[in-house]
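Asks: Sharing structure_20.tsv, TSV, C-alpha atoms and all ligand atoms:
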chain	number	residue	atom	x	y	z
Y	2	MET	CA	-7.84	-4.94	-9.88
Y	3	SER	CA	-11.21	-3.74	-11.18
Y	4	SER	CA	-12.76	-5.63	-8.27
Y	5	PHE	CA	-11.66	-2.80	-5.99
Y	6	PHE	CA	-14.21	-0.39	-7.32
Y	7	PRO	CA	-17.61	-1.93	-6.81
Y	8	CYS	CA	-17.06	-1.17	-3.10
Y	9	ILE	CA	-16.76	2.57	-3.67
Y	10	ARG	CA	-19.88	4.24	-2.37
Y	11	PRO	CA	-20.83	6.33	-5.41
Y	12	ILE	CA	-22.76	9.05	-3.58
Y	13	ARG	CA	-19.97	9.75	-1.10
Y	14	PHE	CA	-17.39	9.60	-3.85
Y	15	LEU	CA	-19.31	12.03	-6.06
Y	16	ALA	CA	-19.97	14.35	-3.13
Y	17	SER	CA	-16.28	14.51	-2.35
Y	18	ILE	CA	-15.49	15.30	-5.97
Y	19	LYS	CA	-18.10	18.07	-5.93
Y	20	GLN	CA	-16.52	19.54	-2.81
Y	21	TYR	CA	-13.17	19.34	-4.52
Y	22	HIS	CA	-14.48	21.16	-7.59
Y	23	HIS	CA	-15.67	23.94	-5.34
Y	24	ALA	CA	-12.29	24.17	-3.60
Y	25	TYR	CA	-10.44	23.99	-6.86
Y	26	SER	CA	-12.37	26.89	-8.41
Y	27	THR	CA	-10.48	29.18	-6.00
Y	28	THR	CA	-7.26	28.30	-7.80
Y	29	ALA	CA	-8.71	28.92	-11.26
Y	30	GLN	CA	-6.35	31.84	-11.78
Y	31	HIS	CA	-3.62	29.18	-12.16
Y	32	PRO	CA	-4.99	27.00	-14.96
Y	33	LEU	CA	-3.14	23.79	-15.67
Y	34	THR	CA	-0.74	23.66	-18.54
Y	35	PRO	CA	-2.87	21.97	-21.23
Y	36	SER	CA	0.11	20.11	-22.65
Y	37	LEU	CA	0.87	18.12	-19.48
Y	38	LYS	CA	0.34	14.47	-20.34
Y	39	ILE	CA	-0.44	11.97	-17.62
Y	40	LEU	CA	-0.17	8.21	-18.01
Y	41	PHE	CA	-2.02	5.97	-15.56
Y	42	CYS	CA	-0.53	2.50	-15.58
Y	43	SER	CA	-3.43	0.13	-14.93
Y	44	LYS	CA	-6.69	-0.22	-16.77
Y	45	HIS	CA	-8.67	-0.13	-13.55
Y	46	PHE	CA	-7.99	3.59	-13.41
Y	47	SER	CA	-10.44	3.89	-16.34
Y	48	GLU	CA	-13.20	2.85	-13.91
Y	49	GLY	CA	-12.03	4.74	-10.83
Y	50	LYS	CA	-11.14	7.90	-12.83
Y	51	PRO	CA	-8.94	9.53	-10.18
Y	52	TRP	CA	-8.52	12.52	-12.51
Y	53	GLU	CA	-12.18	13.58	-12.15
Y	54	PRO	CA	-11.37	16.35	-9.65
Y	55	LEU	CA	-9.50	18.02	-12.51
Y	56	ALA	CA	-12.60	18.17	-14.69
Y	57	ASN	CA	-13.35	21.86	-13.99
Y	58	THR	CA	-9.91	22.98	-15.03
Y	59	THR	CA	-8.30	23.61	-18.38
Y	60	PHE	CA	-7.20	20.00	-18.18
Y	61	ARG	CA	-8.97	17.81	-20.72
Y	62	PRO	CA	-9.27	14.03	-20.83
Y	63	HIS	CA	-7.21	13.75	-24.00
Y	64	HIS	CA	-4.22	14.60	-21.83
Y	65	ILE	CA	-4.81	11.44	-19.85
Y	66	ARG	CA	-4.21	7.89	-20.92
Y	67	THR	CA	-4.30	4.53	-19.24
Y	68	CYS	CA	-2.12	1.60	-20.21
Y	69	THR	CA	-1.36	-1.87	-18.89
Y	70	ALA	CA	1.94	-2.96	-17.38
Y	71	ALA	CA	2.54	-4.88	-20.64
Y	72	ASP	CA	2.33	-1.80	-22.86
Y	73	LEU	CA	3.98	0.64	-20.43
Y	74	HIS	CA	7.40	0.74	-22.15
Y	75	GLN	CA	5.82	1.23	-25.55
Y	76	THR	CA	3.45	3.98	-24.38
Y	77	LEU	CA	6.28	5.80	-22.62
Y	78	SER	CA	8.34	5.95	-25.77
Y	79	THR	CA	5.58	6.72	-28.27
Y	80	TRP	CA	3.16	8.95	-26.33
Y	81	ARG	CA	5.91	10.54	-24.18
Y	82	PRO	CA	3.96	11.49	-21.04
Y	83	ASP	CA	5.21	14.01	-18.46
Y	84	VAL	CA	3.66	12.28	-15.47
Y	85	LEU	CA	3.46	8.55	-14.73
Y	86	VAL	CA	0.98	7.18	-12.19
Y	87	PRO	CA	1.95	3.59	-11.39
Y	88	TRP	CA	-0.03	1.03	-9.43
Y	89	TRP	CA	2.73	-0.92	-7.70
Y	90	HIS	CA	4.31	-1.90	-11.03
Y	91	THR	CA	8.05	-2.24	-11.16
Y	92	ILE	CA	9.49	1.08	-12.27
Y	93	ASP	CA	13.17	0.15	-12.40
Y	94	HIS	CA	16.32	1.85	-13.65
Y	95	HIS	CA	16.02	0.18	-17.11
Y	96	LEU	CA	12.68	1.90	-17.61
Y	97	LEU	CA	13.71	5.18	-15.96
Y	98	ASP	CA	16.96	5.54	-17.92
Y	99	ARG	CA	14.91	5.38	-21.14
Y	100	ALA	CA	11.80	7.33	-20.12
Y	101	SER	CA	13.17	10.67	-21.32
Y	102	SER	CA	9.84	12.53	-21.25
Y	103	LEU	CA	9.01	11.85	-17.59
Y	104	THR	CA	9.26	14.68	-15.08
Y	105	LEU	CA	7.11	13.28	-12.27
Y	106	ILE	CA	6.17	9.85	-10.93
Y	107	HIS	CA	3.09	10.00	-8.74
Y	108	GLN	CA	2.47	6.67	-7.06
Y	109	PHE	CA	-1.26	6.16	-6.44
Y	110	GLY	CA	-0.47	4.42	-3.15
Y	111	VAL	CA	1.80	4.74	-0.15
Y	112	GLY	CA	4.50	2.03	-0.41
Y	113	LEU	CA	7.15	2.95	-2.98
Y	114	ASP	CA	9.25	-0.21	-3.04
Y	115	ASN	CA	8.31	-0.73	-6.72
Y	116	VAL	CA	9.99	2.51	-7.82
Y	117	ASP	CA	13.76	2.86	-8.06
Y	118	VAL	CA	13.83	6.31	-6.46
Y	119	PRO	CA	17.64	6.82	-6.77
Y	120	ALA	CA	17.38	6.09	-10.52
Y	121	ALA	CA	14.50	8.56	-10.84
Y	122	THR	CA	16.51	11.18	-8.92
Y	123	ARG	CA	19.53	10.59	-11.14
Y	124	ASN	CA	17.34	11.15	-14.19
Y	125	GLY	CA	15.93	14.40	-12.77
Y	126	ILE	CA	12.45	12.92	-12.18
Y	127	TRP	CA	10.46	13.93	-9.10
Y	128	VAL	CA	8.80	11.13	-7.14
Y	129	THR	CA	5.84	11.48	-4.84
Y	130	ARG	CA	3.07	9.32	-3.39
Y	131	LEU	CA	-0.01	9.41	-1.20
Y	132	PRO	CA	0.29	9.99	2.54
Y	133	ALA	CA	-0.05	6.99	4.88
Y	134	ASN	CA	-1.33	8.50	8.07
Y	135	GLY	CA	-3.83	11.21	8.86
Y	136	THR	CA	-6.15	10.87	5.89
Y	137	GLY	CA	-4.11	7.97	4.41
Y	138	ASN	CA	-4.54	4.22	4.51
Y	139	ALA	CA	-2.54	2.98	7.53
Y	140	ASP	CA	-5.75	2.63	9.54
Y	141	THR	CA	-7.56	0.71	6.84
Y	142	VAL	CA	-4.61	-1.64	6.34
Y	143	ALA	CA	-4.56	-2.24	10.11
Y	144	GLU	CA	-8.31	-2.95	9.99
Y	145	HIS	CA	-7.68	-5.48	7.26
Y	146	ALA	CA	-5.02	-7.20	9.37
Y	147	VAL	CA	-7.58	-7.54	12.17
Y	148	LEU	CA	-10.11	-8.89	9.67
Y	149	LEU	CA	-7.69	-11.59	8.54
Y	150	MET	CA	-6.70	-12.48	12.12
Y	151	LEU	CA	-10.35	-12.86	13.11
Y	152	ALA	CA	-11.43	-14.70	9.97
Y	153	LEU	CA	-8.62	-17.24	10.38
Y	154	SER	CA	-9.14	-17.63	14.13
Y	155	ARG	CA	-12.84	-18.34	13.65
Y	156	ARG	CA	-12.32	-20.32	10.44
Y	157	LEU	CA	-14.77	-18.06	8.68
Y	158	PRO	CA	-14.67	-19.60	5.18
Y	159	LEU	CA	-15.41	-23.04	6.65
Y	160	ALA	CA	-18.15	-21.71	8.95
Y	161	VAL	CA	-19.87	-20.02	6.00
Y	162	GLN	CA	-19.66	-23.27	4.07
Y	163	VAL	CA	-21.15	-25.25	6.97
Y	164	VAL	CA	-24.23	-23.01	6.95
Y	165	ARG	CA	-24.56	-23.39	3.18
Y	166	ASN	CA	-24.37	-27.16	3.65
Y	167	GLY	CA	-27.17	-27.14	6.27
Y	168	GLY	CA	-25.10	-27.50	9.46
Y	169	PRO	CA	-24.22	-28.86	11.96
Y	170	PHE	CA	-24.89	-25.75	14.07
Y	171	GLY	CA	-23.45	-24.93	17.49
Y	172	GLN	CA	-20.16	-26.78	17.06
Y	173	PRO	CA	-16.98	-25.15	18.43
Y	174	TYR	CA	-15.06	-23.23	15.78
Y	175	GLY	CA	-11.52	-22.00	15.98
Y	176	MET	CA	-9.81	-19.96	18.70
Y	177	GLY	CA	-10.53	-16.70	20.48
Y	178	MET	CA	-7.99	-13.89	20.50
Y	179	ILE	CA	-8.31	-12.86	24.15
Y	180	GLU	CA	-5.18	-13.51	26.24
Y	181	LYS	CA	-3.22	-14.55	23.12
Y	182	THR	CA	0.07	-12.99	22.04
Y	183	VAL	CA	0.37	-11.05	18.80
Y	184	CYS	CA	3.78	-10.09	17.43
Y	185	ILE	CA	3.64	-7.09	15.07
Y	186	VAL	CA	6.65	-7.01	12.79
Y	187	GLY	CA	7.16	-3.37	11.78
Y	188	LEU	CA	6.17	-0.43	13.97
Y	189	GLY	CA	5.53	2.21	11.35
Y	190	ASP	CA	2.13	3.75	10.72
Y	191	ILE	CA	0.44	0.41	10.03
Y	192	GLY	CA	2.05	-1.48	12.91
Y	193	ARG	CA	1.21	1.32	15.32
Y	194	ALA	CA	-2.38	1.57	14.07
Y	195	LEU	CA	-2.72	-2.19	14.59
Y	196	ALA	CA	-1.19	-2.12	18.09
Y	197	SER	CA	-3.49	0.70	19.09
Y	198	ARG	CA	-6.56	-1.24	17.91
Y	199	LEU	CA	-5.55	-4.50	19.59
Y	200	SER	CA	-4.56	-2.74	22.83
Y	201	THR	CA	-8.17	-2.87	24.00
Y	202	TRP	CA	-8.60	-6.58	23.15
Y	203	ARG	CA	-6.85	-8.05	26.21
Y	204	MET	CA	-4.05	-9.46	24.10
Y	205	ARG	CA	-0.36	-9.42	24.84
Y	206	ILE	CA	1.32	-7.31	22.14
Y	207	THR	CA	4.96	-7.58	21.21
Y	208	ALA	CA	6.74	-5.96	18.27
Y	209	VAL	CA	9.81	-6.26	16.10
Y	210	ARG	CA	11.40	-3.03	14.99
Y	211	HIS	CA	14.03	-2.44	12.34
Y	212	ARG	CA	15.26	0.55	14.29
Y	213	PRO	CA	15.01	-0.66	17.91
Y	214	GLU	CA	16.75	2.48	19.11
Y	215	LEU	CA	13.45	4.25	18.45
Y	216	GLY	CA	11.96	2.15	21.27
Y	217	THR	CA	8.25	1.94	21.95
Y	218	PRO	CA	6.20	4.80	20.51
Y	219	PRO	CA	5.13	6.91	23.54
Y	220	GLU	CA	1.40	6.52	22.84
Y	221	LEU	CA	1.81	2.70	22.92
Y	222	ARG	CA	3.93	2.41	26.09
Y	223	ASP	CA	1.10	0.76	27.98
Y	224	ALA	CA	0.03	-1.40	25.04
Y	225	ILE	CA	3.26	-3.02	23.84
Y	226	ASP	CA	4.97	-5.43	26.20
Y	227	ILE	CA	8.34	-5.66	24.52
Y	228	VAL	CA	10.04	-4.40	21.33
Y	229	TYR	CA	12.63	-6.74	19.78
Y	230	PRO	CA	15.25	-5.80	17.18
Y	231	THR	CA	14.97	-7.55	13.80
Y	232	SER	CA	17.99	-9.69	14.73
Y	233	GLU	CA	15.72	-11.32	17.35
Y	234	LEU	CA	12.80	-11.92	15.00
Y	235	HIS	CA	12.81	-15.68	15.56
Y	236	ARG	CA	12.77	-15.31	19.33
Y	237	ALA	CA	9.90	-12.83	19.07
Y	238	ILE	CA	7.72	-14.91	16.78
Y	239	ALA	CA	8.39	-18.12	18.73
Y	240	GLU	CA	6.19	-16.88	21.55
Y	241	ALA	CA	3.36	-15.46	19.42
Y	242	ASP	CA	-0.03	-16.96	18.50
Y	243	TYR	CA	-0.32	-14.37	15.71
Y	244	VAL	CA	2.49	-12.89	13.65
Y	245	VAL	CA	1.55	-9.86	11.55
Y	246	SER	CA	3.93	-8.61	8.90
Y	247	ALA	CA	3.54	-4.81	8.65
Y	248	VAL	CA	7.15	-3.99	7.87
Y	249	LYS	CA	8.41	-1.74	5.08
Y	250	TYR	CA	9.75	-3.88	2.24
Y	251	ASP	CA	13.28	-3.19	1.15
Y	252	ARG	CA	14.52	-5.80	-1.30
Y	253	ALA	CA	18.16	-5.36	-0.26
Y	254	ARG	CA	17.41	-5.56	3.47
Y	255	ASN	CA	14.48	-7.88	4.11
Y	256	ARG	CA	13.55	-9.88	1.02
Y	257	ARG	CA	12.10	-13.22	2.27
Y	258	LEU	CA	12.44	-12.19	5.90
Y	259	PHE	CA	9.77	-14.84	6.49
Y	260	ASP	CA	11.54	-17.92	5.16
Y	261	ALA	CA	11.50	-21.62	6.09
Y	262	ALA	CA	13.56	-20.93	9.24
Y	263	ALA	CA	11.18	-18.20	10.36
Y	264	PHE	CA	8.12	-20.39	9.84
Y	265	LYS	CA	9.88	-23.18	11.74
Y	266	ALA	CA	10.57	-20.75	14.59
Y	267	MET	CA	6.87	-19.87	14.89
Y	268	LYS	CA	4.75	-21.49	17.58
Y	269	PRO	CA	3.15	-24.62	16.03
Y	270	GLY	CA	-0.32	-23.76	14.73
Y	271	ALA	CA	0.17	-19.98	14.99
Y	272	ILE	CA	-1.41	-17.66	12.45
Y	273	PHE	CA	0.59	-15.57	9.99
Y	274	VAL	CA	-0.79	-12.41	8.37
Y	275	ASN	CA	0.94	-10.30	5.71
Y	276	VAL	CA	-0.46	-6.86	4.85
Y	277	ALA	CA	2.91	-5.33	3.87
Y	278	ARG	CA	4.53	-6.67	0.69
Y	279	GLY	CA	4.74	-10.12	-0.89
Y	280	GLY	CA	8.52	-9.98	-1.30
Y	281	LEU	CA	8.87	-10.34	2.49
Y	282	VAL	CA	7.66	-13.94	2.31
Y	283	ASP	CA	9.08	-17.12	0.81
Y	284	GLU	CA	5.75	-18.36	-0.52
Y	285	GLU	CA	6.91	-21.93	-1.16
Y	286	ALA	CA	8.24	-22.20	2.42
Y	287	LEU	CA	4.94	-20.82	3.71
Y	288	ALA	CA	2.95	-23.34	1.66
Y	289	ASP	CA	5.13	-26.16	3.11
Y	290	ALA	CA	4.57	-24.90	6.66
Y	291	LEU	CA	0.82	-24.59	6.12
Y	292	GLU	CA	0.60	-28.05	4.60
Y	293	THR	CA	2.31	-29.67	7.58
Y	294	GLY	CA	0.29	-27.54	10.01
Y	295	SER	CA	3.40	-26.00	11.57
Y	296	VAL	CA	1.78	-22.69	10.62
Y	297	GLY	CA	-1.93	-22.91	11.46
Y	298	GLY	CA	-3.26	-20.43	8.92
Y	299	ALA	CA	-2.22	-17.52	6.73
Y	300	GLY	CA	-4.02	-14.31	5.84
Y	301	LEU	CA	-2.34	-12.80	2.81
Y	302	ASP	CA	-3.19	-9.55	1.08
Y	303	VAL	CA	0.06	-9.24	-0.87
Y	304	PHE	CA	2.13	-11.59	-3.01
Y	305	GLU	CA	5.51	-11.64	-4.64
Y	306	ARG	CA	3.82	-11.52	-8.06
Y	307	GLU	CA	0.47	-9.83	-8.38
Y	308	PRO	CA	-2.04	-10.90	-9.51
Y	309	LEU	CA	-1.25	-14.21	-7.81
Y	310	ASP	CA	-1.08	-17.16	-10.20
Y	311	THR	CA	-4.38	-18.99	-9.70
Y	312	ARG	CA	-2.41	-22.27	-9.71
Y	313	SER	CA	-0.46	-21.15	-6.61
Y	314	ARG	CA	-0.15	-23.86	-3.96
Y	315	LEU	CA	-1.32	-21.33	-1.41
Y	316	LEU	CA	-4.76	-21.07	-3.01
Y	317	ALA	CA	-5.31	-24.82	-2.76
Y	318	LEU	CA	-5.02	-24.70	1.04
Y	319	SER	CA	-8.13	-24.34	3.21
Y	320	ASN	CA	-6.14	-22.60	5.97
Y	321	VAL	CA	-5.29	-19.66	3.68
Y	322	ILE	CA	-7.40	-16.55	3.22
Y	323	ALA	CA	-6.11	-14.45	0.34
Y	324	THR	CA	-7.27	-10.97	-0.65
Y	325	PRO	CA	-6.24	-9.00	-3.77
Y	326	HIS	CA	-3.94	-6.31	-2.33
Y	327	SER	CA	-7.08	-4.54	-1.20
Y	328	ALA	CA	-6.17	-3.85	2.45
Y	329	GLY	CA	-5.57	-0.16	1.94
Y	330	VAL	CA	-7.77	0.48	-1.04
Y	331	THR	CA	-11.12	1.57	0.32
Y	332	ASP	CA	-13.54	4.25	-0.86
Y	333	SER	CA	-12.01	6.84	1.48
Y	334	PHE	CA	-8.48	6.05	0.36
Y	335	TYR	CA	-9.49	6.40	-3.27
Y	336	GLU	CA	-11.21	9.72	-2.60
Y	337	MET	CA	-8.16	10.98	-0.72
Y	338	GLY	CA	-5.88	9.72	-3.50
Y	339	ALA	CA	-7.86	11.51	-6.21
Y	340	ARG	CA	-7.78	14.74	-4.17
Y	341	VAL	CA	-4.05	14.60	-3.37
Y	342	PHE	CA	-3.26	13.64	-6.93
Y	343	ALA	CA	-5.30	16.49	-8.45
Y	344	GLU	CA	-3.79	19.01	-6.06
Y	345	ASN	CA	-0.29	17.78	-6.76
Y	346	VAL	CA	-0.70	17.82	-10.54
Y	347	ALA	CA	-2.05	21.36	-10.31
Y	348	ARG	CA	0.97	22.37	-8.20
Y	349	PHE	CA	3.33	20.64	-10.57
Y	350	ALA	CA	1.86	22.36	-13.61
Y	351	ARG	CA	2.35	25.71	-11.83
Y	352	GLY	CA	5.98	24.86	-11.09
Y	353	GLU	CA	5.37	24.50	-7.34
Y	354	MET	CA	6.83	21.80	-5.11
Y	355	VAL	CA	4.58	18.74	-4.99
Y	356	LYS	CA	3.40	17.50	-1.61
Y	357	TYR	CA	4.84	14.30	-0.11
Y	358	ALA	CA	7.82	14.32	-2.50
Y	359	VAL	CA	10.36	11.66	-1.49
Y	360	ASN	CA	13.31	12.97	-3.53
Y	361	ARG	CA	15.03	16.19	-4.52
Y	362	PRO	CA	16.79	15.74	-7.91
Y	363	GLU	CA	19.93	17.88	-8.19
Y	364	THR	CA	19.17	18.71	-11.80
Y	365	PRO	CA	15.42	18.25	-12.16
Y	366	ARG	CA	13.92	18.08	-15.65
Y	367	LYS	CA	11.31	20.48	-14.33
Y	368	ALA	CA	12.35	23.06	-11.73
Y	369	LEU	CA	9.91	23.42	-8.81
Y	370	ARG	CA	9.62	26.28	-6.34
Y	371	GLU	CA	9.66	25.29	-2.64
Y	372	MET	CA	6.41	26.59	-1.15
Y	373	GLY	CA	7.55	26.52	2.47
Y	374	GLU	CA	4.41	24.86	3.87
Y	375	GLU	CA	5.02	21.22	3.11
Y	376	ASP	CA	3.79	18.62	5.51
Y	377	ASP	CA	5.54	15.72	3.82
Y	378	ALA	CA	7.12	14.72	7.12
Y	379	VAL	CA	3.90	12.80	7.80
Y	380	VAL	CA	4.83	10.06	5.36
Y	381	LEU	CA	8.40	9.51	6.36
Y	382	SER	CA	7.77	7.02	9.14
Y	383	ILE	CA	5.93	4.29	7.27
Y	384	ASN	CA	6.52	0.75	8.45
Y	385	ASP	CA	9.83	1.22	10.22
W	1	LIG	O1	-0.81	2.12	-0.38
W	1	LIG	C1	-0.12	1.10	-0.45
W	1	LIG	O2	1.10	1.14	-0.68
W	1	LIG	C2	-0.74	-0.21	-0.28
W	1	LIG	O3	-0.10	-1.21	-0.46
W	1	LIG	C3	-2.17	-0.29	0.13
W	1	LIG	O4	-2.58	-1.58	0.46
Translate this file's structure into C-alpha cells.
Ligand SMILES: O=C(O)C(=O)CO

Replies:
Amino acid sequence: MSSFFPCIRPIRFLASIKQYHHAYSTTAQHPLTPSLKILFCSKHFSEGKPWEPLANTTFRPHHIRTCTAADLHQTLSTWRPDVLVPWWHTIDHHLLDRASSLTLIHQFGVGLDNVDVPAATRNGIWVTRLPANGTGNADTVAEHAVLLMLALSRRLPLAVQVVRNGGPFGQPYGMGMIEKTVCIVGLGDIGRALASRLSTWRMRITAVRHRPELGTPPELRDAIDIVYPTSELHRAIAEADYVVSAVKYDRARNRRLFDAAAFKAMKPGAIFVNVARGGLVDEEALADALETGSVGGAGLDVFEREPLDTRSRLLALSNVIATPHSAGVTDSFYEMGARVFAENVARFARGEMVKYAVNRPETPRKALREMGEEDDAVVLSIND
C-alpha cells in the first residue's frame, strides 16, 4: 500500500494542509478533547499522515497510532482507541462486539462493504466515510477504468516491451474503442462518471442497474442506449466489447456476480474491467476464461483478497493488467480525505454530528448533536 504515496505531489499536498490550518484556526475556540485516541489500521498511514491537518490543535501525535490488520484485535483491546480508521479491512461483528472502547469508525475511503454497519449500530458506534462525488473519488475511479480499457485495447504492456526489445515498429496493435459497445455494470457515481466520459468517444454505451426503476440518469439520456436490470446481465454483456464492473458490492446480493456463466456469456475476446470490489468476481473462473481466450483481457484494480497473492494465476497471464486498488487513491483524494477526516474528528470531539454518517445508533456510546446542515445525501447513491 505504501506504493500509493510516491505519487502524491508534495507541494500541492503541503499547500492544502497549510490552507486547512488557516481554516481550522477559526475553530480554535473548540479545542479537541486531548484524550480522544485514534487508531489508523494500516502502516501506510504513517507515510501519508492524514492527521497532519490536526497539527495546530490541542491534538498531539501520541493520541494517534497505526497498526497492521494482523495486530488490530490486540491493539483494540490493549490501547482502547475511541476512533478506528480502517483501510478496507474486514471490520465484522466478531470484532465490533468486542471493541468496547470504539465510538466512531471513520473509513478512509468511500466503499463501506468491509464494515458490518448493522453490528456497529447495534453496539452504539457511529460509522462514517469519505464522500464519493463532488470532491470525492468517483471521477478518478472512472478515469482509471478508462486507463485499463485503453491499455488493454492497445496491449500497452506488450507494446512497451517491444520498444525495449528494439522493435519491430509500426506493426498493428490491438483494437480501437470507436464504434464499440461498452456495458457499464452499476450506474452509481462511478458508473455515471464513466458513462459521461465515454459519451464523447463515439461508443455505444449500455448499462446494467440494480434498481432499474431509477431508469437512465437524466444527464445521460443521450449517452446511454439502454439500461438493463441485473436479471438481464448476461444478455447485456453478450453484446458488449467492454464490460466494466462499477457496481456496489454487497456480499449477500452480488458476491461473484461475474462467475463462469457470466464470462461464458460475454462476447468472445471482449475486455473485462473491475474497479469496484474483488468479491464481485470469481477469480478462478476469470483466469480460466482468460486462458482460453473467451475473455480477451482483464483490467483489475481490486481482488477478493488484497494484497493479491503474487502466485495468483491471474498474474501469470499476459492479457491481465492488475493495479493495487489504486483507482481512487490519488493525491487529490488523499488531500480531501485528510481534510474531511480532520473536520469530522473535530466535530466528533465537540459532540457534533459527523458529516457523511451512514448510521444513527439508537443508543450511541457518544451522543452527537444534529447540526442541521449536513450534506451527507451526496454519498448515498454510490454504485447503484
Ligand atoms: O474509496 C474507495 O472505496 C475505493 O475503493 C477507492 O478505490

Asks: Select the residues contacting ligand LIG 1 (chain W) at a distance of at most 9 Å, based on only C-alpha atoms and all ligand atoms, then format the selection as an mmCIF file with C-alpha atoms, in the coordinates of the input.

Replies:
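Written output follows (out-v3.cif):
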data_model
loop_
_atom_site.group_PDB
_atom_site.id
_atom_site.type_symbol
_atom_site.label_atom_id
_atom_site.label_comp_id
_atom_site.auth_asym_id
_atom_site.auth_seq_id
_atom_site.Cartn_x
_atom_site.Cartn_y
_atom_site.Cartn_z
ATOM 1 C CA TRP Y 88 -0.030 1.030 -9.430
ATOM 2 C CA TRP Y 89 2.730 -0.920 -7.700
ATOM 3 C CA GLN Y 108 2.470 6.670 -7.060
ATOM 4 C CA PHE Y 109 -1.260 6.160 -6.440
ATOM 5 C CA GLY Y 110 -0.470 4.420 -3.150
ATOM 6 C CA VAL Y 111 1.800 4.740 -0.150
ATOM 7 C CA GLY Y 112 4.500 2.030 -0.410
ATOM 8 C CA LEU Y 113 7.150 2.950 -2.980
ATOM 9 C CA ASP Y 114 9.250 -0.210 -3.040
ATOM 10 C CA ARG Y 130 3.070 9.320 -3.390
ATOM 11 C CA LEU Y 131 -0.010 9.410 -1.200
ATOM 12 C CA PRO Y 132 0.290 9.990 2.540
ATOM 13 C CA ALA Y 133 -0.050 6.990 4.880
ATOM 14 C CA GLY Y 137 -4.110 7.970 4.410
ATOM 15 C CA ASN Y 138 -4.540 4.220 4.510
ATOM 16 C CA ALA Y 139 -2.540 2.980 7.530
ATOM 17 C CA THR Y 141 -7.560 0.710 6.840
ATOM 18 C CA VAL Y 142 -4.610 -1.640 6.340
ATOM 19 C CA VAL Y 276 -0.460 -6.860 4.850
ATOM 20 C CA ALA Y 277 2.910 -5.330 3.870
ATOM 21 C CA ARG Y 278 4.530 -6.670 0.690
ATOM 22 C CA ASP Y 302 -3.190 -9.550 1.080
ATOM 23 C CA VAL Y 303 0.060 -9.240 -0.870
ATOM 24 C CA HIS Y 326 -3.940 -6.310 -2.330
ATOM 25 C CA SER Y 327 -7.080 -4.540 -1.200
ATOM 26 C CA ALA Y 328 -6.170 -3.850 2.450
ATOM 27 C CA GLY Y 329 -5.570 -0.160 1.940
ATOM 28 C CA VAL Y 330 -7.770 0.480 -1.040
ATOM 29 C CA PHE Y 334 -8.480 6.050 0.360
#

Asks: Here is a test: counting only C-alpha atoms, which residue of Y:Asp260, Y:Asp190, Y:Asp117, Y:Glu180 is nearest to Leu287 of chain Y?

Replies: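 Using only C-alpha atoms, the shortest distance to Leu287 of chain Y belongs to Y:Asp260.
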
Asks: Please determine, counting only C-alpha atoms, which residue among Y:Arg81, Y:Arg257, Y:Arg361, Y:Lys44 has the shortest atom-to-atom distance to Thr69 of chain Y.

Replies: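 Ranked by minimum distance to Thr69 of chain Y, first place goes to Y:Lys44.
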
Asks: From the set Y:Asp83, Y:Leu148, Y:Asp93, Y:Asn166, which residue has the shortest atom-to-atom contact distance to Leu195 of chain Y, counting only C-alpha atoms?

Replies: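 Nearest candidate to Leu195 of chain Y out of Y:Asp83, Y:Leu148, Y:Asp93, Y:Asn166: Y:Leu148.
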
Asks: Sorted by chain and rising residue number, which residues of segment 126-223 of chain Y lie within 8 Å of segment 308-322 of chain Y, and what are their closest atom pairs and distances in Å to one decimal, counting only C-alpha atoms, as a tab-separated table?

Replies:
residue	atom	partner	partner_atom	distance
Y:Leu149	CA	Y:Ile322	CA	7.3
Y:Leu153	CA	Y:Ile322	CA	7.3
Y:Arg156	CA	Y:Asn320	CA	8.0

Asks: Convert the current residue selection to file output with C-alpha atoms, as a CSV table (one decimal), keeping the file's coordinate frame.

Replies:
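After the write, result_18.csv holds the following:
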chain,number,residue,atom,x,y,z
Y,149,LEU,CA,-7.7,-11.6,8.5
Y,153,LEU,CA,-8.6,-17.2,10.4
Y,156,ARG,CA,-12.3,-20.3,10.4

Asks: Take atom CA of Glu53 of chain Y and atom CA of Asp332 of chain Y and report the distance between them in Å, one decimal.

Replies: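 Rounded to one decimal, the two atoms are 14.7 Å apart.
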
Asks: So, counting all atoms listed in the file, which residue among Y:Arg254, Y:Pro362, Y:Tyr335, Y:Lys367 is closest to Phe46 of chain Y?

Replies: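 Selected residue with least distance to Phe46 of chain Y: Y:Tyr335.
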
Asks: Between atom CA of Asp251 of chain Y and atom CA of Ser197 of chain Y, what distance in Å does the model show, to one decimal?

Replies: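 Interatomic distance here is 24.9 Å.
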
Asks: How far is it from atom CA of Ala350 of chain Y to atom CA of Leu96 of chain Y, in Å with one decimal?

Replies: 23.5 Å

Asks: Which one of Y:Arg212, Y:Lys268, Y:Arg348, Y:Lys249 sits closest to Arg236 of chain Y if you count all atoms listed in the file?

Replies: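 Of Y:Arg212, Y:Lys268, Y:Arg348, Y:Lys249, the one nearest Arg236 of chain Y is Y:Lys268, counting all atoms listed in the file.
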
Asks: Nearest residue to Ala347 of chain Y out of Y:Ala239, Y:Val161, Y:Leu40, Y:Val84, using only C-alpha atoms?

Replies: Y:Val84

Asks: Please determine the residues with any atom at most 12 Å from (-7.4, -4.4, 24.2) (coordinates as given in the file, with only C-alpha atoms counting) and report them as an NGL selection string.

Replies: :Y and (178-183 or 195-206 or 221 or 223-225)

Asks: Keeping only C-alpha atoms, write the selected residues to a file as a tab-separated table (two decimals), keeping the file's coordinate frame.

Replies:
chain	number	residue	atom	x	y	z
Y	178	MET	CA	-7.99	-13.89	20.50
Y	179	ILE	CA	-8.31	-12.86	24.15
Y	180	GLU	CA	-5.18	-13.51	26.24
Y	181	LYS	CA	-3.22	-14.55	23.12
Y	182	THR	CA	0.07	-12.99	22.04
Y	183	VAL	CA	0.37	-11.05	18.80
Y	195	LEU	CA	-2.72	-2.19	14.59
Y	196	ALA	CA	-1.19	-2.12	18.09
Y	197	SER	CA	-3.49	0.70	19.09
Y	198	ARG	CA	-6.56	-1.24	17.91
Y	199	LEU	CA	-5.55	-4.50	19.59
Y	200	SER	CA	-4.56	-2.74	22.83
Y	201	THR	CA	-8.17	-2.87	24.00
Y	202	TRP	CA	-8.60	-6.58	23.15
Y	203	ARG	CA	-6.85	-8.05	26.21
Y	204	MET	CA	-4.05	-9.46	24.10
Y	205	ARG	CA	-0.36	-9.42	24.84
Y	206	ILE	CA	1.32	-7.31	22.14
Y	221	LEU	CA	1.81	2.70	22.92
Y	223	ASP	CA	1.10	0.76	27.98
Y	224	ALA	CA	0.03	-1.40	25.04
Y	225	ILE	CA	3.26	-3.02	23.84
